[in-house]
>>> print(open('data.txt').read())   # compact mmCIF, C-alpha atoms
# COMPACT_ATOMS: atom_id res chain seq x y z
CA MET A 1 -110.59 -30.81 9.27
CA GLY A 2 -107.64 -29.95 11.54
CA LYS A 3 -109.65 -27.40 13.52
CA ARG A 4 -112.44 -29.90 14.08
CA LYS A 5 -109.99 -32.48 15.45
CA SER A 6 -108.30 -29.88 17.65
CA ARG A 7 -111.65 -28.81 19.07
CA ALA A 8 -112.54 -32.44 19.76
CA VAL A 9 -109.26 -32.93 21.63
CA LEU A 10 -109.84 -29.73 23.62
CA ARG A 11 -113.39 -30.83 24.43
CA ARG A 12 -112.13 -34.24 25.59
CA GLY A 13 -109.50 -32.53 27.74
CA LEU A 14 -112.12 -30.31 29.34
CA MET A 15 -114.40 -33.27 30.04
CA PHE A 16 -111.50 -35.17 31.57
CA GLY A 17 -110.64 -32.15 33.74
CA LEU A 18 -114.25 -31.75 34.81
CA ARG A 19 -114.39 -35.39 35.89
CA ALA A 20 -110.98 -35.20 37.56
CA GLY A 21 -111.96 -32.04 39.43
CA ALA A 22 -115.29 -33.51 40.44
CA ILE A 23 -113.59 -36.22 42.52
CA PRO A 24 -111.97 -33.96 45.15
CA SER A 25 -114.82 -31.50 44.80
CA GLY A 26 -117.39 -34.19 45.51
CA ALA A 27 -115.33 -35.46 48.44
CA GLY A 28 -115.22 -31.94 49.85
CA ALA A 29 -118.97 -31.57 49.43
CA VAL A 30 -119.63 -34.89 51.18
CA LEU A 31 -117.32 -33.89 54.03
CA TRP A 32 -119.09 -30.54 54.33
CA VAL A 33 -122.48 -32.26 54.57
CA MET A 34 -121.13 -34.63 57.22
CA VAL A 35 -119.61 -31.77 59.24
CA MET A 36 -122.85 -29.78 59.06
CA ALA A 37 -124.92 -32.82 60.09
CA THR A 38 -122.59 -33.43 63.02
CA ARG A 39 -122.84 -29.76 63.95
CA LEU A 40 -126.65 -29.97 63.99
CA ILE A 41 -126.58 -33.10 66.15
CA ALA A 42 -123.68 -32.42 68.53
CA GLY A 43 -123.06 -28.68 68.21
CA PRO A 44 -120.07 -26.77 66.84
CA GLY A 45 -116.90 -28.80 66.63
CA GLY A 46 -114.39 -26.26 65.42
CA SER A 47 -113.93 -27.70 61.92
CA THR A 48 -112.89 -25.32 59.19
CA LEU A 49 -115.63 -26.78 56.98
CA GLU A 50 -118.24 -25.33 59.33
CA ASP A 51 -117.57 -22.01 57.63
CA PRO A 52 -119.61 -22.09 54.39
CA SER A 53 -117.19 -19.78 52.58
CA LEU A 54 -114.22 -22.07 53.28
CA ALA A 55 -116.28 -25.08 52.21
CA ALA A 56 -117.18 -23.29 48.98
CA VAL A 57 -113.51 -22.51 48.35
CA ALA A 58 -112.64 -26.19 48.84
CA VAL A 59 -115.41 -27.48 46.58
CA LEU A 60 -115.33 -24.90 43.80
CA GLY A 61 -111.55 -24.47 43.92
CA SER A 62 -110.99 -28.20 43.46
CA LEU A 63 -113.38 -28.21 40.52
CA ALA A 64 -111.64 -25.20 38.98
CA VAL A 65 -108.21 -26.80 39.32
CA GLY A 66 -109.45 -29.96 37.60
CA VAL A 67 -110.99 -28.01 34.73
CA LEU A 68 -107.79 -25.97 34.35
CA ILE A 69 -105.69 -29.14 34.20
CA GLY A 70 -108.01 -30.60 31.57
CA ALA A 71 -108.02 -27.41 29.52
CA VAL A 72 -104.22 -27.15 29.48
CA ILE A 73 -103.79 -30.82 28.62
CA GLY A 74 -106.40 -30.46 25.88
CA VAL A 75 -104.70 -27.41 24.39
CA VAL A 76 -101.27 -29.04 24.49
CA LEU A 77 -102.52 -32.24 22.86
CA ALA A 78 -104.56 -30.31 20.30
CA TYR A 79 -101.79 -28.01 19.13
CA ALA A 80 -98.54 -29.86 19.83
CA PRO A 81 -96.71 -31.37 16.87
CA LEU A 82 -98.43 -34.52 15.68
CA ARG A 83 -95.19 -36.49 16.07
CA LEU A 84 -95.25 -35.78 19.84
CA VAL A 85 -98.95 -36.53 20.22
CA SER A 86 -98.82 -39.82 18.31
CA ASN A 87 -95.81 -41.10 20.29
CA GLY A 88 -97.43 -42.83 23.28
CA PRO A 89 -94.59 -42.73 25.84
CA LEU A 90 -93.66 -39.15 25.00
CA ARG A 91 -97.30 -38.02 25.13
CA ALA A 92 -97.75 -39.76 28.49
CA LEU A 93 -94.60 -38.15 29.88
CA VAL A 94 -95.70 -34.68 28.81
CA CYS A 95 -99.15 -35.20 30.32
CA PHE A 96 -97.66 -36.60 33.55
CA VAL A 97 -95.37 -33.61 34.02
CA LEU A 98 -98.00 -31.02 33.13
CA ALA A 99 -100.81 -32.48 35.22
CA GLY A 100 -98.55 -33.30 38.16
CA THR A 101 -97.21 -29.76 38.19
CA MET A 102 -100.60 -28.14 37.76
CA ALA A 103 -102.03 -30.26 40.57
CA PHE A 104 -100.10 -27.94 42.86
CA GLY A 105 -103.09 -25.63 42.42
CA GLU A 106 -105.02 -28.04 44.61
CA VAL A 107 -102.42 -27.53 47.36
CA VAL A 108 -103.06 -23.80 47.11
CA VAL A 109 -106.82 -24.36 47.36
CA MET A 110 -106.43 -26.60 50.42
CA ALA A 111 -104.04 -24.12 52.05
CA GLU A 112 -106.70 -21.42 51.68
CA THR A 113 -109.25 -23.56 53.53
CA ASP A 114 -107.00 -23.92 56.62
CA GLY A 115 -107.43 -27.68 56.48
CA GLY A 116 -104.25 -28.35 58.42
CA PRO A 117 -101.06 -30.24 57.70
CA ALA A 118 -102.74 -33.60 57.13
CA THR A 119 -104.88 -32.18 54.34
CA LEU A 120 -101.87 -30.54 52.71
CA LEU A 121 -99.83 -33.74 52.99
CA ALA A 122 -102.62 -35.80 51.42
CA THR A 123 -102.91 -33.26 48.62
CA LEU A 124 -99.15 -33.28 48.01
CA LEU A 125 -99.15 -37.08 47.89
CA ALA A 126 -102.00 -37.00 45.35
CA MET A 127 -100.03 -34.86 42.86
CA PRO A 128 -98.18 -37.80 41.24
CA VAL A 129 -101.44 -39.74 41.14
CA VAL A 130 -103.07 -36.93 39.16
CA GLY A 131 -100.12 -36.99 36.77
CA ALA A 132 -100.28 -40.77 36.38
CA VAL A 133 -104.02 -40.81 35.72
CA THR A 134 -103.66 -38.02 33.17
CA ALA A 135 -100.81 -39.87 31.47
CA ALA A 136 -102.89 -43.04 31.35
CA ARG A 137 -105.86 -41.18 29.85
CA SER A 138 -103.78 -39.13 27.40
CA HIS A 139 -104.54 -41.48 24.51
CA ASP A 140 -108.29 -41.11 25.08
CA ILE A 141 -107.98 -37.33 25.15
CA ALA A 142 -105.88 -37.21 21.97
CA ALA A 143 -107.77 -39.97 20.14
CA ALA A 144 -109.62 -37.56 17.85
CA ARG A 145 -106.31 -36.32 16.55
CA ILE A 146 -104.26 -39.53 16.36
CA GLY A 147 -106.98 -42.03 15.53
CA PRO A 148 -108.11 -45.09 17.47
CA ALA A 149 -105.10 -47.19 16.46
CA GLY A 150 -102.72 -44.78 18.20
CA ARG A 151 -101.03 -43.35 15.13
CA HIS A 152 -101.93 -40.48 12.89
CA PRO A 153 -103.21 -41.27 9.41
CA GLY A 154 -100.61 -40.76 6.73
CA PRO A 155 -100.89 -40.26 2.97
CA ALA A 156 -100.85 -44.01 2.35
CA ASP A 157 -104.01 -44.44 4.43
CA ALA A 158 -106.00 -42.47 1.85
CA TYR A 159 -105.45 -45.24 -0.68
CA ARG A 160 -106.51 -48.07 1.66
CA LYS A 161 -110.19 -47.18 1.63
>>> encode(input="data.txt", output="C-alpha cells")
Amino acid sequence: MGKRKSRAVLRRGLMFGLRAGAIPSGAGAVLWVMVMATRLIAGPGGSTLEDPSLAAVAVLGSLAVGVLIGAVIGVVLAYAPLRLVSNGPLRALVCFVLAGTMAFGEVVVMAETDGGPATLLATLLAMPVVGAVTAARSHDIAAARIGPAGRHPGPADAYRK
C-alpha cells in the first residue's frame, strides 16, 4: 500500500508541475504569436521571439522547469519521513525552499532566450511566488499519503471503522 500512495503523491507532484510550467510556457507561446502577427503586419521589429528557436527554448524550457519542480516536490513528499510530510508548516517550508530554489531554472531559460534585463528581473521576482504557490499546494500534493484530514492514519484508526 505504501508504494501505491507514493506513486499517487509523485503523480500529483508531476501534474502540479505540468500546470505550473504551463503558465509561463503558455504566456511565452501567446507572446510569440503576438510578435509573429506584428511581424506579418508591420515587418521585423527586432524581438528575440522572432527567432523560432529562441521562442521554442522559452516555451519548452519553461514547461520543462515546471515539470522538474513538480517531480522533485513529488519525490520529496512521497519518500520523506511521514512525520515531516504530515506536519503542515514544516511541509510548506520544505516545498517553499525547494520550489523557490528550483525556479532559478526559469532564470536560466530566460537568459538563454536573450530576453533582456526586464525579463530576467520579472523571472527573479517570480521565484518566491513559485515557492509560495508550491507551499500552499503541498497538502494537495501529499494528500494521498497523509489523508484528507491532514494527518497520517495511525494504528488507532484501524479500530474506528
>>> atom_distance(input="data.txt", atom1="atom CA of A:Tyr79", atom2="atom CA of A:Ile23")
27.5 Å
>>> closest_atom_pairs(input="data.txt", of="stretch 94-147 of chain A", to="stretch 81-86 of chain A", cutoff="10 Å", atoms="all atoms listed in the file", output="CSV")
residue,atom,partner,partner_atom,distance
A:Val94,CA,A:Leu84,CA,9.0
A:Ser138,CA,A:Val85,CA,9.0
A:His139,CA,A:Ser86,CA,8.6
A:Ala142,CA,A:Val85,CA,7.2
A:Ala143,CA,A:Ser86,CA,9.1
A:Arg145,CA,A:Leu82,CA,8.1
A:Ile146,CA,A:Ser86,CA,5.8
A:Gly147,CA,A:Ser86,CA,8.9
>>> atom_distance(input="data.txt", atom1="atom CA of A:Leu54", atom2="atom CA of A:Thr113")
5.2 Å
>>> residues_near_point(input="data.txt", point="(-114.0, -34.7, 40.6)", cutoff="10 Å", atoms="only C-alpha atoms", output="number ranges by chain")
A: 16-28, 59, 62-67
>>> residues_around(input="data.txt", residues="A:Val109", least_positions_apart="3", cutoff="8 Å", atoms="only C-alpha atoms", output="VMD selection string")
chain A and resid 57 to 58 61 to 62 105 to 106 112 to 113
